[in-house]
Amino acid sequence: MVTIRYDKDGDLALIRAKKVAIIGYGSQGHAHALNLHESGVDVRVGLAAGSPSRAKVERDGLRAVDVATAAAEADVIMILAPDTKQPAIYEEHIAPHLGAGKTLMFAHGFNIRYGTVTPPENVDVSMIAPKSPGHRVRETFQEGGGVPALLAVHQDASGEADALALSYACGIGSGRAGVLTTTFSEETETDLFGEQAVLCGGVSHLVKAGFETLVNAGYQPEVAYFECMHELKLIVDLMYRGGLNYMRYSISDTAEYGDYVAGPRLIDDGVKAEMGKLLAEIQDGTFATRWIAENKTGRPSFDATRAAEREQPIEQVGKKLRAMMTFVNAVEID
């Protein structure tokens with residue numbers, strides 16, 4: 001059974017008694033720093049030299065310092081830089097300032113799970129992973145709520161790693177919604193699998209395949225876009241609120257029947273077998289090794305694929321149609 005804890009189970013005084021360094025001030029970084037600060041925690045933000053985020057940190061009423069200074073000052077160091085940049089930041093700026101009694105924290109387990117960051121044995125290593133983008137972590141906190149988070153302890157040198165991690169979670173508001181206990185491996189492997197098989201890889205390629213099937217059959221690209229891309233938000237919002245049952249309750253009987261008869265033909269045993277292969281490659285490190293190597297060689301395949309995907313017909317049609325719909329608050333990436 002999963003363990004879920006709340007504010008009543010944590011002690012906010014624990015994190016308030018620590019000096020906390022937030023490394024990075026992006027989506028998650030700004031939310032953690034501001035929420036902790038407003039919870040009465042002593043926060044400083046560690047940034048690379050010349051970072052354009054420094055001015056924003058200071059406008060937000062926080063103290064910005066270089067990463068090494070932040071790591072040297074702090075008792076608790078939360079690394080919220082991108083996964084691919086964390087190993088270099090850790091080795092150059094954080095590792096020299098880690099000592100007994102300190103805590104190293106993450107919001108995603110990738111670098112601990114795959115061994116690209118190896119902390120010394122005399123520090124606590126834990127994770128608080130909010131299950132929401134940073135802007136929602138911040139918005140819900142300001143509204144008096146919070147988003148659920150995952151908590152994991154990789155290394156408990158002090159004997160208090162779990163209690164301090166829960167206190168941190170309460171400080172950013174997640175204790176208001178619920179904090180689920182997991183492991184670094186479980187969080188990392190399920191997160192990568194969800195992204196690849198469903199949320200990003202699965203959905204984006206399903207949308208493109210549907211669009212291309214209709215266009216190749218002679219239907220107008222604009223109509224195909226509405227049916228395969230635009231209306232996806234309606235369905236996802238229904239599932240978000242009430243699961244598959246509420247989505248099926250809300251759509252027409254015809255659509256629901258189509259769900260039952262067509263879904264198993266598309267997501268068949270072959271697709272499930274391929275999902276199993278994806279999961280195995282995540283578990284045995286094949287995916288991580290490939291992604292780490294891609295970054296070390298300058299991301300040639302990644303950048304080429306990104307450029308090609310931005311020129312796909314569905315993107316060109318969508319850009320034109322989104323410009324007609326002011327209510328979607330369209331954002332275009334060039």
# chains A, B, ... in the order shown; residues from 1 in each chain; ligands from 1

$ residues_around --residues "Asp162 of chain A" --least-positions-apart "5" --cutoff "10 Å" --atoms "only C-alpha atoms" --output "number ranges by chain"
A: 10, 124-127, 151-156, 167-168, 181

$ select_by_dssp --residues "segment 164-285 of chain A" --states "alpha helix (DSSP H)" --output "ChimeraX atom specification"
/A:164-171,184-193,201-216,221-225,232-250,253-266,269-283

$ residues_around --residues "His135 of chain A" --least-positions-apart "4" --cutoff "9 Å" --atoms "only C-alpha atoms" --output "ChimeraX atom specification"
/A:27-28,30-31,139-140

$ residues_around --residues "Lys208 of chain A" --least-positions-apart "6" --cutoff "9 Å" --atoms "only C-alpha atoms" --output "PyMOL selection string"
chain A and resi 228-229+312+314

$ closest_residue --among "A:Met247, A:Leu47, A:Lys233, A:Ile77" --to "Ala95 of chain A" --atoms "only C-alpha atoms"
A:Ile77

$ residues_around --residues "Asp60 of chain A" --least-positions-apart "4" --cutoff "10 Å" --atoms "only C-alpha atoms" --output "list of chain:residue names"
A:His30, A:Ala33, A:Leu34, A:Arg54, A:Ala55, A:Lys56

$ write_last_selection --atoms "all heavy atoms" --output "PDB file, in the first residue's frame"
ATOM      1  N   HIS A  30      11.887  28.529  -9.277  1.00  0.00           N
ATOM      2  CA  HIS A  30      11.258  29.741  -8.740  1.00  0.00           C
ATOM      3  C   HIS A  30      10.130  29.382  -7.788  1.00  0.00           C
ATOM      4  O   HIS A  30       9.929  30.051  -6.771  1.00  0.00           O
ATOM      5  CB  HIS A  30      10.755  30.631  -9.886  1.00  0.00           C
ATOM      6  CG  HIS A  30       9.333  30.418 -10.283  1.00  0.00           C
ATOM      7  ND1 HIS A  30       8.929  29.339 -11.049  1.00  0.00           N
ATOM      8  CD2 HIS A  30       8.208  31.118  -9.986  1.00  0.00           C
ATOM      9  CE1 HIS A  30       7.623  29.403 -11.227  1.00  0.00           C
ATOM     10  NE2 HIS A  30       7.157  30.458 -10.594  1.00  0.00           N
ATOM     11  N   ALA A  33      11.656  28.053  -4.408  1.00  0.00           N
ATOM     12  CA  ALA A  33      12.311  29.132  -3.661  1.00  0.00           C
ATOM     13  C   ALA A  33      11.287  30.072  -3.031  1.00  0.00           C
ATOM     14  O   ALA A  33      11.381  30.410  -1.843  1.00  0.00           O
ATOM     15  CB  ALA A  33      13.259  29.897  -4.583  1.00  0.00           C
ATOM     16  N   LEU A  34      10.322  30.499  -3.814  1.00  0.00           N
ATOM     17  CA  LEU A  34       9.340  31.454  -3.299  1.00  0.00           C
ATOM     18  C   LEU A  34       8.414  30.813  -2.263  1.00  0.00           C
ATOM     19  O   LEU A  34       8.098  31.426  -1.234  1.00  0.00           O
ATOM     20  CB  LEU A  34       8.523  32.035  -4.457  1.00  0.00           C
ATOM     21  CG  LEU A  34       9.293  33.006  -5.362  1.00  0.00           C
ATOM     22  CD1 LEU A  34       8.484  33.321  -6.615  1.00  0.00           C
ATOM     23  CD2 LEU A  34       9.628  34.291  -4.613  1.00  0.00           C
ATOM     24  N   ARG A  54      19.235  36.166 -12.525  1.00  0.00           N
ATOM     25  CA  ARG A  54      19.631  36.873 -11.303  1.00  0.00           C
ATOM     26  C   ARG A  54      18.725  38.073 -11.029  1.00  0.00           C
ATOM     27  O   ARG A  54      18.270  38.274  -9.891  1.00  0.00           O
ATOM     28  CB  ARG A  54      21.090  37.327 -11.401  1.00  0.00           C
ATOM     29  CG  ARG A  54      21.600  38.025 -10.147  1.00  0.00           C
ATOM     30  CD  ARG A  54      23.085  38.359 -10.294  1.00  0.00           C
ATOM     31  NE  ARG A  54      23.902  37.164 -10.313  1.00  0.00           N
ATOM     32  CZ  ARG A  54      24.478  36.642  -9.226  1.00  0.00           C
ATOM     33  NH1 ARG A  54      24.301  37.208  -8.042  1.00  0.00           N
ATOM     34  NH2 ARG A  54      25.223  35.563  -9.330  1.00  0.00           N
ATOM     35  N   ALA A  55      18.444  38.860 -12.050  1.00  0.00           N
ATOM     36  CA  ALA A  55      17.597  40.044 -11.857  1.00  0.00           C
ATOM     37  C   ALA A  55      16.197  39.646 -11.422  1.00  0.00           C
ATOM     38  O   ALA A  55      15.593  40.308 -10.562  1.00  0.00           O
ATOM     39  CB  ALA A  55      17.539  40.861 -13.153  1.00  0.00           C
ATOM     40  N   LYS A  56      15.687  38.550 -11.974  1.00  0.00           N
ATOM     41  CA  LYS A  56      14.347  38.097 -11.600  1.00  0.00           C
ATOM     42  C   LYS A  56      14.326  37.638 -10.150  1.00  0.00           C
ATOM     43  O   LYS A  56      13.374  37.937  -9.409  1.00  0.00           O
ATOM     44  CB  LYS A  56      13.893  36.958 -12.518  1.00  0.00           C
ATOM     45  CG  LYS A  56      12.448  36.529 -12.291  1.00  0.00           C
ATOM     46  CD  LYS A  56      12.023  35.477 -13.299  1.00  0.00           C
ATOM     47  CE  LYS A  56      10.534  35.201 -13.236  1.00  0.00           C
ATOM     48  NZ  LYS A  56      10.045  34.839 -11.908  1.00  0.00           N
TER      49      LYS A  56
END

$ residues_around --residues "Thr103 of chain A" --least-positions-apart "6" --cutoff "10 Å" --atoms "only C-alpha atoms" --output "CSV table (one decimal) with N, CA and C atoms, in the first residue's frame"
chain,number,residue,atom,x,y,z
A,18,LYS,N,16.9,25.1,8.8
A,18,LYS,CA,18.0,24.9,7.9
A,18,LYS,C,18.2,26.1,6.9
A,20,VAL,N,18.7,26.8,3.2
A,20,VAL,CA,18.4,26.1,1.9
A,20,VAL,C,18.9,26.8,0.7
A,74,ALA,N,24.7,26.6,2.5
A,74,ALA,CA,23.5,25.9,2.8
A,74,ALA,C,23.7,24.5,3.6
A,75,ASP,N,22.7,24.2,4.3
A,75,ASP,CA,22.6,22.9,4.9
A,75,ASP,C,21.8,21.9,4.0
A,76,VAL,N,20.9,22.5,3.2
A,76,VAL,CA,20.1,21.7,2.3
A,76,VAL,C,20.3,22.3,0.9
A,77,ILE,N,20.7,21.4,-0.1
A,77,ILE,CA,20.9,21.9,-1.4
A,77,ILE,C,20.0,21.1,-2.4
A,78,MET,N,19.0,21.8,-2.9
A,78,MET,CA,18.1,21.3,-3.9
A,78,MET,C,18.5,21.6,-5.3
A,119,PRO,N,27.0,11.1,-4.6
A,119,PRO,CA,27.3,11.9,-3.4
A,119,PRO,C,28.1,11.1,-2.4
A,122,ASN,N,28.4,10.5,3.7
A,122,ASN,CA,28.1,11.2,4.9
A,122,ASN,C,27.0,12.3,4.8
A,123,VAL,N,26.4,12.3,3.6
A,123,VAL,CA,25.3,13.3,3.4
A,123,VAL,C,24.0,12.5,3.2
A,124,ASP,N,22.9,13.2,3.5
A,124,ASP,CA,21.6,12.6,3.2
A,124,ASP,C,21.3,13.0,1.7
A,125,VAL,N,20.6,12.1,1.0
A,125,VAL,CA,20.2,12.3,-0.4
A,125,VAL,C,18.7,11.9,-0.5
A,126,SER,N,17.9,12.9,-0.8
A,126,SER,CA,16.5,12.7,-0.9
A,126,SER,C,15.9,13.4,-2.1
A,155,GLN,N,19.7,8.0,0.5
A,155,GLN,CA,20.8,7.8,1.4
A,155,GLN,C,20.4,8.6,2.7
A,156,ASP,N,20.4,7.9,3.8
A,156,ASP,CA,20.0,8.4,5.1
A,156,ASP,C,21.2,8.4,6.1
A,157,ALA,N,22.1,9.3,6.0
A,157,ALA,CA,23.3,9.3,6.8
A,157,ALA,C,23.0,9.8,8.2
A,158,SER,N,22.0,10.7,8.3
A,158,SER,CA,21.7,11.4,9.6
A,158,SER,C,20.6,10.6,10.4
A,161,ALA,N,16.6,11.9,7.3
A,161,ALA,CA,16.4,12.3,5.9
A,161,ALA,C,14.9,12.3,5.5
A,164,LEU,N,13.1,15.3,7.2
A,164,LEU,CA,13.5,16.6,6.7
A,164,LEU,C,12.9,16.8,5.3
A,165,ALA,N,12.9,15.7,4.5
A,165,ALA,CA,12.3,15.8,3.1
A,165,ALA,C,10.8,16.1,3.2

$ atom_distance --atom1 "atom CA of Glu91 of chain A" --atom2 "atom CA of Gly115 of chain A"
12.8 Å

$ closest_residue --among "A:Ile172, A:Leu36, A:Ile292, A:Val236" --to "Arg136 of chain A" --atoms "only C-alpha atoms"
A:Ile172

$ closest_residue --among "A:Gly276, A:Gly318, A:Pro264, A:Pro133" --to "Phe211 of chain A" --atoms "only C-alpha atoms"
A:Gly318

$ residues_around --residues "Leu12 of chain A" --least-positions-apart "5" --cutoff "10 Å" --atoms "only C-alpha atoms" --output "PyMOL selection string"
chain A and resi 7+17+39-41+163-164+166-171+175

$ write_last_selection --atoms "N, CA, C and O atoms" --output "PDB file, in the first residue's frame"
ATOM      1  N   ASP A   7       0.376  17.676   5.853  1.00  0.00           N
ATOM      2  CA  ASP A   7       0.970  18.666   6.754  1.00  0.00           C
ATOM      3  C   ASP A   7       0.972  18.194   8.205  1.00  0.00           C
ATOM      4  O   ASP A   7       1.927  18.427   8.943  1.00  0.00           O
ATOM      5  N   ALA A  17      14.664  25.426  10.242  1.00  0.00           N
ATOM      6  CA  ALA A  17      15.908  25.484  11.011  1.00  0.00           C
ATOM      7  C   ALA A  17      17.136  25.351  10.110  1.00  0.00           C
ATOM      8  O   ALA A  17      18.268  25.443  10.597  1.00  0.00           O
ATOM      9  N   SER A  39       7.143  30.330   3.482  1.00  0.00           N
ATOM     10  CA  SER A  39       6.889  29.418   4.598  1.00  0.00           C
ATOM     11  C   SER A  39       7.860  29.654   5.754  1.00  0.00           C
ATOM     12  O   SER A  39       7.890  28.887   6.716  1.00  0.00           O
ATOM     13  N   GLY A  40       8.663  30.708   5.623  1.00  0.00           N
ATOM     14  CA  GLY A  40       9.568  31.065   6.708  1.00  0.00           C
ATOM     15  C   GLY A  40      10.925  30.409   6.664  1.00  0.00           C
ATOM     16  O   GLY A  40      11.627  30.347   7.684  1.00  0.00           O
ATOM     17  N   VAL A  41      11.336  29.942   5.489  1.00  0.00           N
ATOM     18  CA  VAL A  41      12.619  29.250   5.341  1.00  0.00           C
ATOM     19  C   VAL A  41      13.685  30.226   4.831  1.00  0.00           C
ATOM     20  O   VAL A  41      13.405  31.106   4.009  1.00  0.00           O
ATOM     21  N   ALA A 163      12.250  12.660   7.498  1.00  0.00           N
ATOM     22  CA  ALA A 163      11.533  13.719   8.207  1.00  0.00           C
ATOM     23  C   ALA A 163      11.836  15.088   7.604  1.00  0.00           C
ATOM     24  O   ALA A 163      10.943  15.928   7.464  1.00  0.00           O
ATOM     25  N   LEU A 164      13.099  15.325   7.236  1.00  0.00           N
ATOM     26  CA  LEU A 164      13.455  16.616   6.657  1.00  0.00           C
ATOM     27  C   LEU A 164      12.855  16.772   5.260  1.00  0.00           C
ATOM     28  O   LEU A 164      12.385  17.855   4.888  1.00  0.00           O
ATOM     29  N   LEU A 166      10.086  15.435   4.192  1.00  0.00           N
ATOM     30  CA  LEU A 166       8.656  15.706   4.366  1.00  0.00           C
ATOM     31  C   LEU A 166       8.444  17.148   4.789  1.00  0.00           C
ATOM     32  O   LEU A 166       7.500  17.815   4.322  1.00  0.00           O
ATOM     33  N   SER A 167       9.302  17.659   5.651  1.00  0.00           N
ATOM     34  CA  SER A 167       9.206  19.053   6.063  1.00  0.00           C
ATOM     35  C   SER A 167       9.377  19.985   4.866  1.00  0.00           C
ATOM     36  O   SER A 167       8.649  20.969   4.707  1.00  0.00           O
ATOM     37  N   TYR A 168      10.343  19.659   3.989  1.00  0.00           N
ATOM     38  CA  TYR A 168      10.551  20.441   2.763  1.00  0.00           C
ATOM     39  C   TYR A 168       9.289  20.414   1.902  1.00  0.00           C
ATOM     40  O   TYR A 168       8.844  21.452   1.394  1.00  0.00           O
ATOM     41  N   ALA A 169       8.702  19.232   1.765  1.00  0.00           N
ATOM     42  CA  ALA A 169       7.485  19.105   0.964  1.00  0.00           C
ATOM     43  C   ALA A 169       6.370  19.975   1.528  1.00  0.00           C
ATOM     44  O   ALA A 169       5.621  20.626   0.778  1.00  0.00           O
ATOM     45  N   CYS A 170       6.255  20.004   2.843  1.00  0.00           N
ATOM     46  CA  CYS A 170       5.243  20.865   3.469  1.00  0.00           C
ATOM     47  C   CYS A 170       5.559  22.332   3.207  1.00  0.00           C
ATOM     48  O   CYS A 170       4.655  23.151   3.012  1.00  0.00           O
ATOM     49  N   GLY A 171       6.835  22.670   3.163  1.00  0.00           N
ATOM     50  CA  GLY A 171       7.235  24.052   2.922  1.00  0.00           C
ATOM     51  C   GLY A 171       6.879  24.568   1.550  1.00  0.00           C
ATOM     52  O   GLY A 171       6.653  25.770   1.367  1.00  0.00           O
ATOM     53  N   GLY A 175       2.360  19.216   1.255  1.00  0.00           N
ATOM     54  CA  GLY A 175       1.719  18.562   2.389  1.00  0.00           C
ATOM     55  C   GLY A 175       0.236  18.848   2.478  1.00  0.00           C
ATOM     56  O   GLY A 175      -0.509  18.108   3.127  1.00  0.00           O
TER      57      GLY A 175
END

$ closest_residue --among "A:Glu73, A:Glu256, A:Asp191, A:Asp334" --to "Glu309 of chain A" --atoms "only C-alpha atoms"
A:Asp334

$ decode --residues "segment 89-130 of chain A" --atoms "N, CA and C atoms" --output "PDB file, in the first residue's frame"
ATOM      1  N   ILE A  89      27.417  20.617 -12.893  1.00  0.00           N
ATOM      2  CA  ILE A  89      27.192  21.584 -11.809  1.00  0.00           C
ATOM      3  C   ILE A  89      27.583  20.967 -10.473  1.00  0.00           C
ATOM      4  N   TYR A  90      27.186  19.719 -10.291  1.00  0.00           N
ATOM      5  CA  TYR A  90      27.493  19.038  -9.034  1.00  0.00           C
ATOM      6  C   TYR A  90      29.002  18.912  -8.833  1.00  0.00           C
ATOM      7  N   GLU A  91      29.700  18.389  -9.828  1.00  0.00           N
ATOM      8  CA  GLU A  91      31.133  18.135  -9.678  1.00  0.00           C
ATOM      9  C   GLU A  91      31.928  19.417  -9.459  1.00  0.00           C
ATOM     10  N   GLU A  92      31.585  20.463 -10.186  1.00  0.00           N
ATOM     11  CA  GLU A  92      32.389  21.689 -10.134  1.00  0.00           C
ATOM     12  C   GLU A  92      32.035  22.595  -8.964  1.00  0.00           C
ATOM     13  N   HIS A  93      30.742  22.705  -8.667  1.00  0.00           N
ATOM     14  CA  HIS A  93      30.314  23.739  -7.729  1.00  0.00           C
ATOM     15  C   HIS A  93      29.745  23.234  -6.406  1.00  0.00           C
ATOM     16  N   ILE A  94      29.228  22.002  -6.383  1.00  0.00           N
ATOM     17  CA  ILE A  94      28.539  21.526  -5.179  1.00  0.00           C
ATOM     18  C   ILE A  94      29.375  20.530  -4.392  1.00  0.00           C
ATOM     19  N   ALA A  95      29.937  19.541  -5.063  1.00  0.00           N
ATOM     20  CA  ALA A  95      30.680  18.484  -4.368  1.00  0.00           C
ATOM     21  C   ALA A  95      31.761  19.008  -3.422  1.00  0.00           C
ATOM     22  N   PRO A  96      32.512  20.058  -3.817  1.00  0.00           N
ATOM     23  CA  PRO A  96      33.559  20.542  -2.907  1.00  0.00           C
ATOM     24  C   PRO A  96      33.017  21.105  -1.594  1.00  0.00           C
ATOM     25  N   HIS A  97      31.716  21.373  -1.545  1.00  0.00           N
ATOM     26  CA  HIS A  97      31.134  22.004  -0.359  1.00  0.00           C
ATOM     27  C   HIS A  97      30.181  21.095   0.391  1.00  0.00           C
ATOM     28  N   LEU A  98      30.179  19.808   0.045  1.00  0.00           N
ATOM     29  CA  LEU A  98      29.348  18.846   0.768  1.00  0.00           C
ATOM     30  C   LEU A  98      30.141  18.280   1.943  1.00  0.00           C
ATOM     31  N   GLY A  99      29.463  18.175   3.073  1.00  0.00           N
ATOM     32  CA  GLY A  99      30.111  17.599   4.238  1.00  0.00           C
ATOM     33  C   GLY A  99      29.089  16.915   5.110  1.00  0.00           C
ATOM     34  N   ALA A 100      29.551  16.244   6.124  1.00  0.00           N
ATOM     35  CA  ALA A 100      28.668  15.512   7.029  1.00  0.00           C
ATOM     36  C   ALA A 100      27.581  16.420   7.570  1.00  0.00           C
ATOM     37  N   GLY A 101      26.356  15.904   7.571  1.00  0.00           N
ATOM     38  CA  GLY A 101      25.227  16.651   8.099  1.00  0.00           C
ATOM     39  C   GLY A 101      24.452  17.434   7.058  1.00  0.00           C
ATOM     40  N   LYS A 102      25.001  17.533   5.847  1.00  0.00           N
ATOM     41  CA  LYS A 102      24.283  18.255   4.792  1.00  0.00           C
ATOM     42  C   LYS A 102      23.314  17.318   4.076  1.00  0.00           C
ATOM     43  N   THR A 103      22.373  17.933   3.354  1.00  0.00           N
ATOM     44  CA  THR A 103      21.381  17.183   2.580  1.00  0.00           C
ATOM     45  C   THR A 103      21.420  17.628   1.129  1.00  0.00           C
ATOM     46  N   LEU A 104      21.499  16.661   0.225  1.00  0.00           N
ATOM     47  CA  LEU A 104      21.433  16.929  -1.209  1.00  0.00           C
ATOM     48  C   LEU A 104      20.079  16.441  -1.697  1.00  0.00           C
ATOM     49  N   MET A 105      19.349  17.314  -2.371  1.00  0.00           N
ATOM     50  CA  MET A 105      17.990  16.981  -2.794  1.00  0.00           C
ATOM     51  C   MET A 105      17.821  17.130  -4.302  1.00  0.00           C
ATOM     52  N   PHE A 106      16.853  16.383  -4.818  1.00  0.00           N
ATOM     53  CA  PHE A 106      16.514  16.398  -6.240  1.00  0.00           C
ATOM     54  C   PHE A 106      15.003  16.419  -6.391  1.00  0.00           C
ATOM     55  N   ALA A 107      14.542  16.844  -7.578  1.00  0.00           N
ATOM     56  CA  ALA A 107      13.115  16.769  -7.898  1.00  0.00           C
ATOM     57  C   ALA A 107      12.858  15.708  -8.968  1.00  0.00           C
ATOM     58  N   HIS A 108      13.904  15.022  -9.389  1.00  0.00           N
ATOM     59  CA  HIS A 108      13.806  13.908 -10.342  1.00  0.00           C
ATOM     60  C   HIS A 108      15.000  13.016 -10.077  1.00  0.00           C
ATOM     61  N   GLY A 109      14.810  11.715 -10.149  1.00  0.00           N
ATOM     62  CA  GLY A 109      15.849  10.794  -9.720  1.00  0.00           C
ATOM     63  C   GLY A 109      16.871  10.395 -10.759  1.00  0.00           C
ATOM     64  N   PHE A 110      16.826  10.962 -11.966  1.00  0.00           N
ATOM     65  CA  PHE A 110      17.622  10.500 -13.098  1.00  0.00           C
ATOM     66  C   PHE A 110      19.103  10.324 -12.764  1.00  0.00           C
ATOM     67  N   ASN A 111      19.732  11.374 -12.242  1.00  0.00           N
ATOM     68  CA  ASN A 111      21.183  11.325 -12.078  1.00  0.00           C
ATOM     69  C   ASN A 111      21.642  10.429 -10.929  1.00  0.00           C
ATOM     70  N   ILE A 112      20.808  10.256  -9.922  1.00  0.00           N
ATOM     71  CA  ILE A 112      21.122   9.292  -8.872  1.00  0.00           C
ATOM     72  C   ILE A 112      20.866   7.877  -9.394  1.00  0.00           C
ATOM     73  N   ARG A 113      19.745   7.673 -10.051  1.00  0.00           N
ATOM     74  CA  ARG A 113      19.386   6.341 -10.556  1.00  0.00           C
ATOM     75  C   ARG A 113      20.434   5.796 -11.515  1.00  0.00           C
ATOM     76  N   TYR A 114      20.984   6.662 -12.387  1.00  0.00           N
ATOM     77  CA  TYR A 114      21.915   6.179 -13.400  1.00  0.00           C
ATOM     78  C   TYR A 114      23.378   6.494 -13.072  1.00  0.00           C
ATOM     79  N   GLY A 115      23.628   6.953 -11.852  1.00  0.00           N
ATOM     80  CA  GLY A 115      24.991   7.064 -11.368  1.00  0.00           C
ATOM     81  C   GLY A 115      25.833   8.174 -11.928  1.00  0.00           C
ATOM     82  N   THR A 116      25.221   9.199 -12.514  1.00  0.00           N
ATOM     83  CA  THR A 116      26.013  10.318 -13.026  1.00  0.00           C
ATOM     84  C   THR A 116      26.335  11.327 -11.932  1.00  0.00           C
ATOM     85  N   VAL A 117      25.663  11.213 -10.790  1.00  0.00           N
ATOM     86  CA  VAL A 117      26.002  11.972  -9.587  1.00  0.00           C
ATOM     87  C   VAL A 117      26.134  10.958  -8.452  1.00  0.00           C
ATOM     88  N   THR A 118      27.289  10.975  -7.778  1.00  0.00           N
ATOM     89  CA  THR A 118      27.535  10.032  -6.681  1.00  0.00           C
ATOM     90  C   THR A 118      27.921  10.820  -5.430  1.00  0.00           C
ATOM     91  N   PRO A 119      26.977  11.097  -4.569  1.00  0.00           N
ATOM     92  CA  PRO A 119      27.269  11.883  -3.366  1.00  0.00           C
ATOM     93  C   PRO A 119      28.100  11.095  -2.356  1.00  0.00           C
ATOM     94  N   PRO A 120      28.817  11.779  -1.485  1.00  0.00           N
ATOM     95  CA  PRO A 120      29.570  11.077  -0.442  1.00  0.00           C
ATOM     96  C   PRO A 120      28.624  10.403   0.548  1.00  0.00           C
ATOM     97  N   GLU A 121      29.129   9.408   1.254  1.00  0.00           N
ATOM     98  CA  GLU A 121      28.283   8.602   2.128  1.00  0.00           C
ATOM     99  C   GLU A 121      27.823   9.339   3.382  1.00  0.00           C
ATOM    100  N   ASN A 122      28.440  10.469   3.704  1.00  0.00           N
ATOM    101  CA  ASN A 122      28.096  11.155   4.946  1.00  0.00           C
ATOM    102  C   ASN A 122      27.050  12.257   4.785  1.00  0.00           C
ATOM    103  N   VAL A 123      26.384  12.283   3.635  1.00  0.00           N
ATOM    104  CA  VAL A 123      25.303  13.264   3.441  1.00  0.00           C
ATOM    105  C   VAL A 123      23.991  12.537   3.167  1.00  0.00           C
ATOM    106  N   ASP A 124      22.900  13.171   3.535  1.00  0.00           N
ATOM    107  CA  ASP A 124      21.585  12.648   3.186  1.00  0.00           C
ATOM    108  C   ASP A 124      21.287  12.970   1.728  1.00  0.00           C
ATOM    109  N   VAL A 125      20.605  12.062   1.042  1.00  0.00           N
ATOM    110  CA  VAL A 125      20.203  12.281  -0.352  1.00  0.00           C
ATOM    111  C   VAL A 125      18.720  11.941  -0.455  1.00  0.00           C
ATOM    112  N   SER A 126      17.914  12.916  -0.821  1.00  0.00           N
ATOM    113  CA  SER A 126      16.467  12.712  -0.865  1.00  0.00           C
ATOM    114  C   SER A 126      15.864  13.408  -2.070  1.00  0.00           C
ATOM    115  N   MET A 127      14.590  13.173  -2.278  1.00  0.00           N
ATOM    116  CA  MET A 127      13.891  13.739  -3.429  1.00  0.00           C
ATOM    117  C   MET A 127      12.488  14.188  -3.035  1.00  0.00           C
ATOM    118  N   ILE A 128      12.120  15.363  -3.496  1.00  0.00           N
ATOM    119  CA  ILE A 128      10.731  15.814  -3.476  1.00  0.00           C
ATOM    120  C   ILE A 128      10.383  16.195  -4.911  1.00  0.00           C
ATOM    121  N   ALA A 129       9.464  15.447  -5.505  1.00  0.00           N
ATOM    122  CA  ALA A 129       9.103  15.642  -6.913  1.00  0.00           C
ATOM    123  C   ALA A 129       7.633  16.027  -7.014  1.00  0.00           C
ATOM    124  N   PRO A 130       7.328  17.324  -7.105  1.00  0.00           N
ATOM    125  CA  PRO A 130       5.928  17.730  -7.278  1.00  0.00           C
ATOM    126  C   PRO A 130       5.379  17.193  -8.589  1.00  0.00           C
TER     127      PRO A 130
END
